[in-house]
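Student: Pasting in a structure now, in structure tokens, and then I'll have a few things to ask.
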Amino acid sequence: MTILETRKLNKHFGGLHVTGNVDFTLQTGEMHCLIGPNGAGKSTFFRLILGEHQPDSGQILFADEDITRAKPFQRIRKGISVKFQVPGIFKELSTRQNLVIALQHHVPAGDLTEEVDRLLEFLKLSQDHTQLAGNLSHGQKQWLEIGMAIALKPRLLLLDEPTAGMTPDETHATGEMLHRLNAEGMTVLAVEHDMAFVRQIAHRVTVLHLGKVFAQGSINEITADPRVAKIYLGEVHA
Amino acid sequence: QDAEPIKLGVLEDQSGDFALATIGKVHAIQLAAEEINAAGGIDGRPLELVEYDTQSDNTRFQEFMRRVLQRDKVDAVFAGFSSASREAYRPIVNQFDGLAFYNNQYEGGVCDANMIVTGAVPEQQFSTLLPYMIENYGPNVYTIAADYNFGQISAEWVRNIVAENGGTMVGEEFIPLGVSQFSQTIQNIQAAKPDFVVTLLVGTAQASYYEQAGAANLGLPMASSVNVGQGYEHKRFTPPSLKDMYATVNYVEEVDTPASKEFVEKFRAKFPDEPYINQEASNSYAAVYLYKQLVERAKSTDLAEIRKVIAEGDVCVDGPGGQMCIDPKSQHVSHTIHLAHVTEDHSVEFPTKWDAIQPYWLGEAGCDLTVSDPSEQYTPSNPPPANG
Amino acid sequence: MAETSRLRGILRLVEGPQTLGRGPKFWAGFALVLACACAYPMFADSYDVGNNVYFFNWLFMAMGLSLIWGYGGSLSFGQTAFFGIAGYCYGVLTINLGDAYGLTLLSLVMAVGFSAFFAAVLGYFLFFGRINGVFLGIVSLSVTLVLERFMAQTAGPQWAIGSARLNGFNGMGSMPSLTIPWPGGSIVLFPDLPLYYLTLALLVVVYLALRMLVNSRFGNVLVAIRENPQRAEMLGYDIRKFQLGAFVIGSSLAGLSGVLYTSWGNYITPASMGMTAAALPIVWVAVGGRGDLTTTLVGTLAVLIVFQMLTIYGSQYALIVMGVLLVVTVLVAPRGIVMGIVDASRRLFRRKEAR
Amino acid sequence: MDIFNLIFSFLYQFGDAFAFLVLSACGLAVIFGMMGVINLAHGEFIMCGAYVSTSAVHAGLPLPLAIIAGAVAAGIAGMIVELVVIRPLYQRPLDTIVATWGISMIVTQGTLIVLGPSMQGVGTPFGSFTMGGYSYSIYRVILMIAAIGTLALLWLMFTRTRFGLLSRATIQVPHVAEAMGVNTNLIYSLTFGLGAALAGLAGGLYAPTMTLVPTMGASFMVEAFVTVVVGGADIFLGTAPAAAILGIIKAALTGWQGQLAGQIGLLIAVIIVIRILPRGISGKILKERA
Amino acid sequence: MPEPLLQTSALNGGYGGKPVLQGVDIDVKEGEIVAIIGRNGVGKSTLMKTLIGLLPSQRGEIRVKGRQVDGLSAHRRARLGIGYVPQGRDVFPRMTVLENLMVGQSISGRKLDGKLEEVYHYFPILQERAHQRAGTMSGGQQQQLAIGRVLMGGPSLVLLDEPSEGIQPNIVQSIARIMVELNAKTGLSVVFVEQNIDMIRAMAQRCYVMDKGRITAALTRADLDDQDLIRSYLSV
Ligand SMILES: Nc1ncnc2c1ncn2[C@@H]1O[C@H](COP(=O)(O)OP(=O)(O)OP(=O)(O)O)[C@@H](O)[C@H]1O
Ligand SMILES: Nc1ncnc2c1ncn2[C@@H]1O[C@H](COP(=O)(O)OP(=O)(O)OP(=O)(O)O)[C@@H](O)[C@H]1O
Ligand SMILES: NC(N)=O
Ligand SMILES: [Mg+2]
Ligand SMILES: [Mg+2]
């Protein structure tokens with residue numbers, strides 16, 4: 001069963017075609033990574049899925065429902081959530097309050113405090129729970145935003161460079177967490193440049209280049225592809 | 001002397017937009033009070049002023065009218081420049097049954113037993129001004145007026161009196177308060193080709209009209225009931241932008257009579273930096289003397305007693321501009337109306353004057369405060385109900 | 001025992017991360033202040049009582065703006081539009097309906113309702129049109145200035161609704177004050193004792209209700225939108241509805257202020273919607289500390305009182321002193337004057353303790 | 001009246017409205033549009049320019065020099081205000097509302113106390129010309145030229161000079177600019193001073209045509225804010241077209257239905273334009289171009 | 001032994017009342033490339049900001065070329081030849097790519113001939129998009145711009161805060177190469193905060209480990225070849 005499908009998705013800015021006829025399908029329960037050179041259009045693709053940008057043409061289907069014209073918040077309510085590339089948090093609110101706002105959707109008032117504490121613990125932010133989110137370190141902000149995204153208990157989780165700025169250990173921990181969530185039924189689509197992480201989580205990998213699907217396959221197939229090495233990976237991973 | 005003082009509340013705008021025309025009113029009241037106290041007060045009681053700066057802000061009038069009446073317990077209040085400020089405080093004066101003097105030229109029509117109005121009103125100014133202008137310059141009239149009560153009601157008076165005198169309105173334009181740019185208006189006037197322009201401009205922004213009309217070489221004579229007498233535009237703008245402006249005033253500092261000269265002398269002695277002594281300063285000054293007479297004759301500051309004196313119909317003082325008498329029906333005041341003509345070099349000459357011009361309209365229209373007190377403001381198009 | 005837990009339950013509703021002031025100490029202080037406010041008329045003359053009612057009148061608009069701006073992050077520069085609309089509405093209704101049978105109270109409700117309706121229409125236009133930031137400020141300012149300029153030229157007799165003349169710039173007067181029907185003669189609420197208690201009660205109710213609102217889920221979302229509207233939307237909230245909701249509630253409170261003010265002085269004027277009038281609520285709320293209802297309330301009251309005192313005793317220097325006070329407050333008390341004073345006294349207190 | 005004169009008169013009225021909008025707005029475009037300081041004392045900088053240039057003429061300076069003196073004086077006043085009051089507030093722009101409101105009160109009332117309720121004007125120079133039965137003020141044509149010249153100069157300054165480059169960088173990300181070796185305090189001060197000087201220039205230019213009173217700045221405020229906001233974030237792409245659009249609307253409505261229609265129409269036009277372009281005119285242009 | 005280019009002793013710093021750095025001692029010699037590693041939130045960025053002067057040092061001292069710079073504002077320090085690339089890129093969003101580069105160059109006050117070509121050579125995307133507004137560039141493109149921008153000023157020491165973040169692998173490699181090349185060619189010194197082990201190993205000659213606001217270890221080049229050792233310092 002597919003959870004997400006795009007059909008001939010096009011978006012251009014001025015003369016620049018950022019995505020060109022992208023046909024992409026994501027199976028329910030999959031862990032999928034989207035990789036590709038800087039400026040390939042990965043973040044833009046996410047924004048199209050979320051409704052932050054309107055496509056020039058093409059269609060987006062979520063769980064077989066056409067959501068191309070749906071408002072962003074409607075898409076979220078259908079079960080998509082996102083962690084952006086640049087941390088999007090509520091800077092002047094405490095770390096705790098950030099999570100409360102995400103959690104209050106599903107969690108009854110009585111359990112809210114407890115639930116937030118659990119999530120804080122999980123994100124290793126318990127110590128900083130009263131800290132204003134804007135004063136967290138860069139990595140902590142990333143954690144917080146991931147926490148807000150998973151707090152929504154989405155069916156599809158979009159992560160734009162979730163591990164940027166994390167130590168290898170933390171990256172690994174993030175991967176494990178995603179596996180756990182995946183086991184609970186969450187589909188994950190992540191943009192990453194960290195190949196170790198991609199290897200750790202991805203069932204399948206799609207390479208985007210110049211707005212087009214350039215290659216698709218398992219991580220081993222992709223890293224073995226000399227064309228991908230040339231445009232993207234470089235010598236180390238080739 | 002330990003006679004209890006008579007307290008006079010003074011609510012005038014000493015800052016903000018209207019300060020230009022009203023600071024002099026406060027000074028005039030201070031001058032009169034000082035004179036009266038030097039001469040032994042009112043019936044032996046000294047006059048004490050309770051002053052507040054109302055900052056050209058209606059809400060301050062509301063706040064301080066309550067304060068002077070309730071807290072300071074003044075015997076009378078001298079208050080207000082703009083008609084809006086008067087309307088803002090009038091309900092409060094009525095509520096506490098106080099006595100307020102409105103010492104300002106205005107659009108007319110206030111029929112309220114708690115108010116005495118010493119300023120000139122349209123019938124006094126236009127019934128004199130317009131026939132003169134039509135006779136001397138021609139019948140085609142263009143009015144530009146501030147787009148609010150004063151301007152609209154005055155324009156209505158102009159319309160009516162022009163018609164009565166065989167003139168024609170070739171244009172009428174209303175300018176929102178605060179407008180300072182007049183290019184289009186100047187062009188409209190040129191298109192209408194009037195013989196003279198009636199300018200009923202209010203506020204400092206609108207006064208910019210004169211400079212701009214002058215710069216565009218409009219070159220038309222002007223007539224006004226409000227300009228020159230209040231905002232001394234002829235002193236503030238460079239000649240000859242106000243050339244051939246005619247204004248009917250009950251006073252300006254240039255009035256060339258012994259009483260006026262004496263007044264100017266006393267005023268300048270006390271306030272040497274006063275930029276100009278305008279009509280409203282003179283009215284405020286005279287109003288203090290009117291009040292003195294009322295209290296002395298009533299032997300009381302009680303409003304009912306004072307109004308009995310007014311009803312006698314002979315309360316008069318000689319103000320700096322001429323005699324002023326209170327009309328019992330409307331509690332407005334008769335005036336000597338001077339025609340001020342601004343010459344090319346912005347000096348003022350007085351081609352003519354009219355004595356004892358009555359504020360007749362309210363009384364004729366049916367306001368009679370000796371009979372009833374509607375506490376309303378009427379206009380020619382919204383007169384008192386026919387049965388009185 | 002059950003009592004205290006119920007009490008705690010209520011407290012939980014009005015307390016939370018979105019409001020300063022919590023715990024028994026705060027509420028004890030609150031009760032004390034309220035008691036003082038109730039006892040105040042016994043020690044004050046009727047001028048002071050009426051004057052305080054006048055100050056109270058404005059506080060509703062200030063709290064409403066705190067909700068819209070301080071909590072929701074939408075700077076409305078046009079709250080006076082709703083103030084004016086409700087004031088005129090009250091005037092038109094009561095002049096036509098009269099003051100018998102509690103019709104003035106009905107008029108109050110209808111006038112506030114009308115301003116809420118107008119806010120809903122304008123708010124729909126603004127928020128569903130995705131207008132925000134300075135654009136929102138300028139549009140709302142433009143709306144209030146249009147109303148002002150329009151009302152200013154309604155001097156002519158053609159501008160009347162029923163027997164109520166709008167009366168242009170001079171303003172509309174002679175509407176009756178709020179009147180409570182009472183067996184054996186209705187009570188006319190002149191600016192005196194009964195009006196004082198009524199306004200005070202309204203104030204307490206509105207204050208507590210707003211505290212509940214901002215500490216509810218609605219309030220959480222509202223501050224989230226202020227901090228990062230995109231993120232809030234990406235958490236699945238239709239931010240437009242929340243913004244609209246806050247706008248309508250806050251604007252109705254401006255309307256309530258308008259009605260109370262109109263009834264207080266039997267007068268309403270277009271100048272109440274002009275540029276200066278429009279800027280004042282923003283100044284009060286900002287000086288008080290816009291991010292919190294309590295600081296807004298206390299700060300606004302303080303500014304109103306201090307500025308009136310200055311006008312009374314400061315002669316021509318009043319405006320200068322006011323200006324200096326505003327500048328200094330902003331510079332030394334970034335969180336508003338109330339928190340500035342609280343912080344300063346804490347520091348003083350601590351230093352004394354340390355000695 | 002023939003069609004040529006009709007067109008000329010409309011162009012003149014449009015130019016007049018355009019010049020007023022541009023000159024009112026330029027200084028605010030820098031201080032508010034660029035720096036994000038909601039400057040409610042904008043009118044007081046204009047008043048400062050008007051008062052100083054008028055005094056300079058009274059003291060014998062020729063008008064053009066006097067106008068420049070007015071601009072310089074306002075610019076210096078602006079730099080002082082920036083140093084003392086605005087500098088701590090860049091990170092909390094909303095608080096500038098209160099601070100500048102306070103400054104405005106201080107300046108207006110201070111001027112009233114020190115200089116009295118009004119100042120004697122200097123008169124409008126250059127006389128008038130006649131065209132198709134109407135006479136027009138020549139000086140107002142000069143105001144139009146000055147408006148266009150100011151726009152051009154500003155554009156050059158911000159796009160072609162090092163100051164412009166560093167100023168924009170500083171305002172966008174101050175801490176990085178600082179770390180790139182930019183003396184950001186100096187840049188802030190100069191930029192604010194420039195904005196104030198432009199306001200002073202407007203004051204100096206309009207001084208000969210207006211009433212000189214302490215509150216005169218108020219009559220520029222609404223037009224200035226409205227123009228800057230309709231223009232949108234990018235002041236160079238925004239201010240000129242905004243002034244042009246609003247100028248046409250205002251001139252047309254004023255000519256057709258009178259001043260009230262012009263005033264209310266201007267405000268309603270603002271509401272409509274912002275509804276259509278929620279990020280202002282330049283927001284629209286930039287989105288198209290990007 | 002060349003004099004230390006950059007030296008801190010017992011440096012304390014933080015945000016207002018909140019101390020973060022607790023007596024940091026590092027020294028960097030002319031021509032060195034030094035990495036700083038550590039877990040999230042230990043104070044690496046805080047150290048970088050304190051070095052360039054965006055945060056005041058609360059105690060201790062910082063010397064650049066022997067001169068004490070604690071009292072100097074950031075722009076003064078920058079003019080001593082220190083370049084800084086903040087974490088999270090912070091390009092000037094509403095200026096074009098080229099304008100961003102020009103700001104980087106303006107520090108020197110003079111035209112540095114050939115700099116632009118050099119930067120374009122390293123990061124071709126910047127030339128391609130010279131007139132695009134920087135805020136609309138992709139994340140990785142912005143990071144390249146941020147690095148290119150600092151090179152425009154011809155610094156003798158650059159502080160890089162997680163330069164690899166968000167950059168595609170082959171460009172990460174080339175950035176490391178570029179730095180090494182500049183280091184060899186011009187003697188450019190580099191202090192960089194990094195999590196990417198490949199990049200650390202490709203660039204660094206030495207490495208400091210930070211934890212809870214302190215330097216807890218100093219690793220040599222030889223230590224850096226031991227991946228597991230680095231991992232162990234970065235783990236909890
Ligand atoms: N508003 C815009 N105007 C012009 N170009 C844009 C705009 N937004 C994005 N682009 C361009 O579109 C392309 C795709 O950007 P996008 O952010 O999707 O890349 P990405 O694949 O996420 O890259 P990265 O790995 O660096 O994050 C880039 O070349 C970018 O410069
Ligand atoms: N502006 C700030 N105000 C207050 N505290 C801050 C601020 N910025 C960061 N901190 C705190 O200082 C500590 C160190 O932060 P810093 O940004 O230096 O960490 P870091 O080592 O760079 O982490 P990362 O790898 O996540 O970027 C953290 O606990 C963080 O919460
Ligand atoms: N009374 C006036 N002129 O408003
Ligand atoms: Mg991206
Ligand atoms: Mg960091």
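Labels used: A, B, ... for chains in the order of the structure tokens, numbers from 1 for residues in each chain, and numbers from 1 for ligands as shown.
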Select the residues contacting ligand 2 at a distance of at most 7 Å, based on only C-alpha atoms and all ligand atoms, then format the selection as a list in words.

Tutor: Gly134, Asn135, Leu136, Ser137, His138, Gly139, Gln140, Gly165 and Met166 of chain A; Gly14, Tyr15, Lys18, Val20, Gly38, Arg39, Asn40, Gly41, Val42, Gly43, Lys44, Ser45, Thr46 and Leu47 of chain E

Student: Would you output that residue set with C-alpha atoms, as a short mmCIF file (atom, residue, chain, number, x, y, z; two decimals), in the first residue's frame?

Tutor:
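Result file out19.cif:
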```cif
data_model
loop_
_atom_site.label_atom_id
_atom_site.label_comp_id
_atom_site.auth_asym_id
_atom_site.auth_seq_id
_atom_site.Cartn_x
_atom_site.Cartn_y
_atom_site.Cartn_z
CA GLY A 134 15.65 29.90 21.55
CA ASN A 135 18.51 29.60 24.02
CA LEU A 136 19.15 25.92 23.37
CA SER A 137 22.25 24.91 21.49
CA HIS A 138 21.84 24.14 17.84
CA GLY A 139 21.77 20.40 18.34
CA GLN A 140 19.30 20.67 21.18
CA GLY A 165 24.96 18.97 13.97
CA MET A 166 24.60 15.80 16.00
CA GLY E 14 28.30 32.59 28.75
CA TYR E 15 24.98 34.32 28.35
CA LYS E 18 24.37 31.88 32.74
CA VAL E 20 28.86 28.19 29.96
CA GLY E 38 32.15 17.66 21.85
CA ARG E 39 28.56 16.70 22.37
CA ASN E 40 25.57 18.97 21.83
CA GLY E 41 25.27 21.87 24.18
CA VAL E 42 28.69 21.63 25.81
CA GLY E 43 29.66 25.14 24.73
CA LYS E 44 31.50 24.84 21.43
CA SER E 45 29.54 27.56 19.70
CA THR E 46 29.74 29.65 22.83
CA LEU E 47 33.51 29.40 22.68
#
```

Student: Using only C-alpha atoms and all ligand atoms, which protein or nucleic acid residues are at most 7 Å from ligand 1, as a compact mmCIF listing (two decimals) with N, CA, C and O atoms, in the first residue's frame?

Tutor:
```
# COMPACT_ATOMS: atom_id res chain seq x y z
N PHE A 13 10.94 28.31 -9.84
CA PHE A 13 11.10 29.69 -9.34
C PHE A 13 11.77 30.47 -10.45
O PHE A 13 12.91 30.18 -10.80
N GLY A 14 11.07 31.44 -10.99
CA GLY A 14 11.65 32.15 -12.13
C GLY A 14 11.99 31.14 -13.21
O GLY A 14 11.16 30.31 -13.58
N LEU A 16 14.13 28.80 -12.90
CA LEU A 16 14.76 27.61 -12.33
C LEU A 16 13.71 26.53 -12.05
O LEU A 16 12.79 26.73 -11.27
N VAL A 18 12.82 23.65 -10.16
CA VAL A 18 13.34 23.03 -8.94
C VAL A 18 12.91 21.58 -8.83
O VAL A 18 13.68 20.74 -8.41
N GLY A 36 20.75 13.73 -2.28
CA GLY A 36 21.01 14.45 -3.52
C GLY A 36 21.79 15.70 -3.22
O GLY A 36 21.82 16.18 -2.09
N PRO A 37 22.42 16.24 -4.24
CA PRO A 37 23.28 17.40 -4.06
C PRO A 37 22.55 18.59 -3.46
O PRO A 37 21.32 18.67 -3.52
N ASN A 38 23.32 19.49 -2.94
CA ASN A 38 22.74 20.73 -2.44
C ASN A 38 22.01 21.43 -3.58
O ASN A 38 22.54 21.58 -4.67
N GLY A 39 20.79 21.83 -3.29
CA GLY A 39 20.02 22.51 -4.32
C GLY A 39 19.32 21.57 -5.26
O GLY A 39 18.73 22.01 -6.25
N ALA A 40 19.33 20.29 -4.96
CA ALA A 40 18.66 19.33 -5.85
C ALA A 40 17.15 19.51 -5.81
O ALA A 40 16.46 19.13 -6.74
N GLY A 41 16.66 20.08 -4.75
CA GLY A 41 15.22 20.28 -4.65
C GLY A 41 14.57 19.45 -3.57
O GLY A 41 13.35 19.33 -3.51
N LYS A 42 15.36 18.92 -2.66
CA LYS A 42 14.82 18.04 -1.62
C LYS A 42 13.91 18.80 -0.67
O LYS A 42 12.78 18.39 -0.41
N SER A 43 14.41 19.90 -0.16
CA SER A 43 13.58 20.67 0.77
C SER A 43 12.35 21.21 0.07
O SER A 43 11.27 21.27 0.65
N THR A 44 12.52 21.61 -1.17
CA THR A 44 11.37 22.11 -1.92
C THR A 44 10.33 21.01 -2.09
O THR A 44 9.13 21.26 -1.97
N PHE A 45 10.80 19.82 -2.33
CA PHE A 45 9.90 18.67 -2.47
C PHE A 45 9.09 18.50 -1.17
O PHE A 45 7.88 18.30 -1.20
N ALA D 290 12.20 36.21 -8.35
CA ALA D 290 13.08 35.19 -7.77
C ALA D 290 13.07 33.90 -8.58
O ALA D 290 12.13 33.58 -9.25
N GLN E 132 21.06 35.53 -7.31
CA GLN E 132 19.90 35.03 -6.56
C GLN E 132 19.97 35.60 -5.14
O GLN E 132 21.06 35.79 -4.58
N THR E 136 16.99 32.57 -0.50
CA THR E 136 16.26 31.55 -1.25
C THR E 136 17.17 30.41 -1.71
O THR E 136 16.72 29.49 -2.37
N MET E 137 18.43 30.48 -1.35
CA MET E 137 19.33 29.38 -1.70
C MET E 137 19.02 28.17 -0.81
O MET E 137 18.49 28.30 0.29
N SER E 138 19.39 26.99 -1.27
CA SER E 138 19.15 25.80 -0.45
C SER E 138 20.10 25.83 0.74
O SER E 138 21.07 26.61 0.77
N GLY E 139 19.82 24.99 1.71
CA GLY E 139 20.61 25.00 2.94
C GLY E 139 22.10 24.83 2.67
O GLY E 139 22.94 25.59 3.16
N GLY E 140 22.43 23.84 1.89
CA GLY E 140 23.83 23.58 1.61
C GLY E 140 24.47 24.69 0.78
O GLY E 140 25.65 25.03 0.97
N GLN E 141 23.69 25.25 -0.10
CA GLN E 141 24.21 26.37 -0.90
C GLN E 141 24.54 27.55 0.01
O GLN E 141 25.55 28.24 -0.18
N GLY E 166 24.88 20.15 6.62
CA GLY E 166 23.96 20.33 5.52
C GLY E 166 24.60 20.30 4.15
O GLY E 166 23.96 20.60 3.15
N ILE E 167 25.88 19.94 4.11
CA ILE E 167 26.56 19.96 2.82
C ILE E 167 26.71 18.54 2.28
O ILE E 167 26.96 17.60 3.02
N GLN E 168 26.53 18.41 0.98
CA GLN E 168 26.60 17.09 0.36
C GLN E 168 28.01 16.51 0.52
O GLN E 168 28.99 17.26 0.56
```

Student: I'd like the contact shell of segment 79-89 of chain D - 7 Å cut-off, only C-alpha atoms, skipping same-chain residues fewer than 3 positions apart - returned as a list in words.

Tutor: Gly75, Ile76, Arg92, Pro93, Asp95, Thr96, Ser189, Leu190, Phe192 and Gly193 of chain D

Student: Would you list which chain C residues are within 8 Å of chain A using only C-alpha atoms, as a list in words?

Tutor: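 Listed by rising number, the hits are Pro17, Arg217, Asn220, Val221, Ala224, Glu227, Asn228, Gln230, Arg231, Glu233, Met234, Leu235, Gly236, Tyr237 and Asp238 of chain C.
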
Student: For the residues selected in the previous step, produce a file with all heavy atoms as a compact mmCIF listing (two decimals), in the first residue's frame.

Tutor:
```txt
# COMPACT_ATOMS: atom_id res chain seq x y z
N PRO C 17 1.46 28.59 32.42
CA PRO C 17 2.68 29.20 31.92
C PRO C 17 2.43 30.51 31.17
O PRO C 17 3.35 31.28 30.97
CB PRO C 17 3.24 28.13 30.97
CG PRO C 17 2.07 27.27 30.61
CD PRO C 17 1.18 27.29 31.81
N ARG C 217 -5.91 25.46 26.11
CA ARG C 217 -5.25 25.03 24.87
C ARG C 217 -5.30 26.13 23.84
O ARG C 217 -4.36 26.31 23.07
CB ARG C 217 -5.96 23.78 24.35
CG ARG C 217 -5.76 22.64 25.29
CD ARG C 217 -6.58 21.43 24.92
NE ARG C 217 -6.21 20.38 25.85
CZ ARG C 217 -5.88 19.15 25.51
NH1 ARG C 217 -5.91 18.79 24.24
NH2 ARG C 217 -5.50 18.27 26.41
N ASN C 220 -2.45 28.37 24.51
CA ASN C 220 -1.19 27.76 24.09
C ASN C 220 -0.96 27.96 22.60
O ASN C 220 0.14 28.31 22.15
CB ASN C 220 -1.20 26.26 24.38
CG ASN C 220 -1.01 25.96 25.85
OD1 ASN C 220 -0.56 26.82 26.60
ND2 ASN C 220 -1.37 24.76 26.27
N VAL C 221 -2.00 27.70 21.84
CA VAL C 221 -1.85 27.83 20.38
C VAL C 221 -1.61 29.28 20.01
O VAL C 221 -0.81 29.59 19.14
CB VAL C 221 -3.09 27.26 19.67
CG1 VAL C 221 -2.94 27.43 18.16
CG2 VAL C 221 -3.27 25.80 20.03
N ALA C 224 1.84 30.15 20.50
CA ALA C 224 2.63 29.43 19.49
C ALA C 224 2.60 30.19 18.17
O ALA C 224 3.62 30.33 17.50
CB ALA C 224 2.09 28.02 19.32
N GLU C 227 4.89 33.08 18.27
CA GLU C 227 6.30 32.76 18.18
C GLU C 227 6.72 32.28 16.80
O GLU C 227 7.80 32.60 16.33
CB GLU C 227 6.64 31.67 19.20
CG GLU C 227 6.63 32.14 20.63
CD GLU C 227 7.49 33.35 20.82
OE1 GLU C 227 8.61 33.35 20.30
OE2 GLU C 227 7.03 34.31 21.46
N ASN C 228 5.88 31.48 16.18
CA ASN C 228 6.29 30.89 14.91
C ASN C 228 5.06 30.34 14.21
O ASN C 228 4.71 29.18 14.36
CB ASN C 228 7.30 29.76 15.18
CG ASN C 228 7.94 29.26 13.90
OD1 ASN C 228 7.40 29.43 12.81
ND2 ASN C 228 9.09 28.63 14.04
N GLN C 230 4.43 29.53 11.23
CA GLN C 230 4.61 28.42 10.32
C GLN C 230 4.65 27.10 11.09
O GLN C 230 4.01 26.12 10.72
CB GLN C 230 5.92 28.62 9.54
CG GLN C 230 6.09 27.59 8.44
CD GLN C 230 7.55 27.43 8.05
OE1 GLN C 230 8.45 27.66 8.85
NE2 GLN C 230 7.77 27.02 6.82
N ARG C 231 5.39 27.10 12.18
CA ARG C 231 5.49 25.89 12.99
C ARG C 231 4.13 25.53 13.56
O ARG C 231 3.72 24.37 13.57
CB ARG C 231 6.52 26.11 14.10
CG ARG C 231 6.97 24.92 14.90
CD ARG C 231 6.68 23.59 14.35
NE ARG C 231 7.83 22.84 13.87
CZ ARG C 231 7.74 21.72 13.17
NH1 ARG C 231 6.55 21.20 12.86
NH2 ARG C 231 8.81 21.10 12.76
N GLU C 233 1.28 26.11 12.34
CA GLU C 233 0.47 25.51 11.29
C GLU C 233 0.93 24.08 11.02
O GLU C 233 0.13 23.18 10.78
CB GLU C 233 0.59 26.35 10.01
CG GLU C 233 -0.22 25.77 8.87
CD GLU C 233 -0.72 26.84 7.92
OE1 GLU C 233 -0.05 27.88 7.83
OE2 GLU C 233 -1.77 26.61 7.29
N MET C 234 2.24 23.87 11.11
CA MET C 234 2.79 22.54 10.86
C MET C 234 2.56 21.59 12.03
O MET C 234 2.98 20.45 12.00
CB MET C 234 4.29 22.64 10.56
CG MET C 234 4.58 23.21 9.20
SD MET C 234 3.81 22.22 7.92
CE MET C 234 3.83 23.37 6.57
N LEU C 235 1.93 22.10 13.07
CA LEU C 235 1.47 21.20 14.12
C LEU C 235 -0.01 20.91 13.93
O LEU C 235 -0.65 20.31 14.79
CB LEU C 235 1.74 21.78 15.51
CG LEU C 235 3.22 21.88 15.90
CD1 LEU C 235 3.37 22.56 17.24
CD2 LEU C 235 3.87 20.51 15.93
N GLY C 236 -0.54 21.38 12.81
CA GLY C 236 -1.91 21.02 12.48
C GLY C 236 -2.98 22.00 12.96
O GLY C 236 -4.15 21.67 12.96
N TYR C 237 -2.57 23.18 13.36
CA TYR C 237 -3.55 24.16 13.81
C TYR C 237 -3.92 25.09 12.66
O TYR C 237 -3.04 25.56 11.94
CB TYR C 237 -3.02 24.99 14.97
CG TYR C 237 -2.72 24.17 16.19
CD1 TYR C 237 -1.42 23.89 16.58
CD2 TYR C 237 -3.76 23.66 16.97
CE1 TYR C 237 -1.14 23.13 17.70
CE2 TYR C 237 -3.49 22.89 18.10
CZ TYR C 237 -2.19 22.63 18.46
OH TYR C 237 -1.93 21.88 19.56
N ASP C 238 -5.20 25.35 12.53
CA ASP C 238 -5.64 26.35 11.55
C ASP C 238 -5.43 27.71 12.19
O ASP C 238 -6.30 28.23 12.88
CB ASP C 238 -7.11 26.12 11.20
CG ASP C 238 -7.56 27.03 10.07
OD1 ASP C 238 -6.77 27.92 9.68
OD2 ASP C 238 -8.68 26.87 9.59
```

Student: Write out as a ChimeraX atom specification every residue belonging to chain D that has an atom at most 6 Å from any atom of chain B, counting only C-alpha atoms.

Tutor: /D:117,120-124,127-128,135-137,209-211,259-260

Student: Give me, as a list in words, the set of residues whose atoms come within 6 Å of any atom of ligand 3, counting only C-alpha atoms and all ligand atoms.

Tutor: Phe81, Ser82, Ser83, Gln105, Tyr106 and Phe150 of chain B

Student: Please return, as a PyMOL selection string, all residues of segment 142-270 of chain B that DSSP assigns to strand (DSSP E or B) on the basis of the backbone.

Tutor: chain B and resi 142-146+168-175+196-200+222-224+245-249

Student: Go through C:Lys241, C:Arg335, C:Arg226, C:Arg165 one by one, measure the shortest atom-to-atom distance of each to chain B using only C-alpha atoms, and give the residue with the smallest value.

Tutor: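 So, comparing all the options, the nearest one is C:Arg165.
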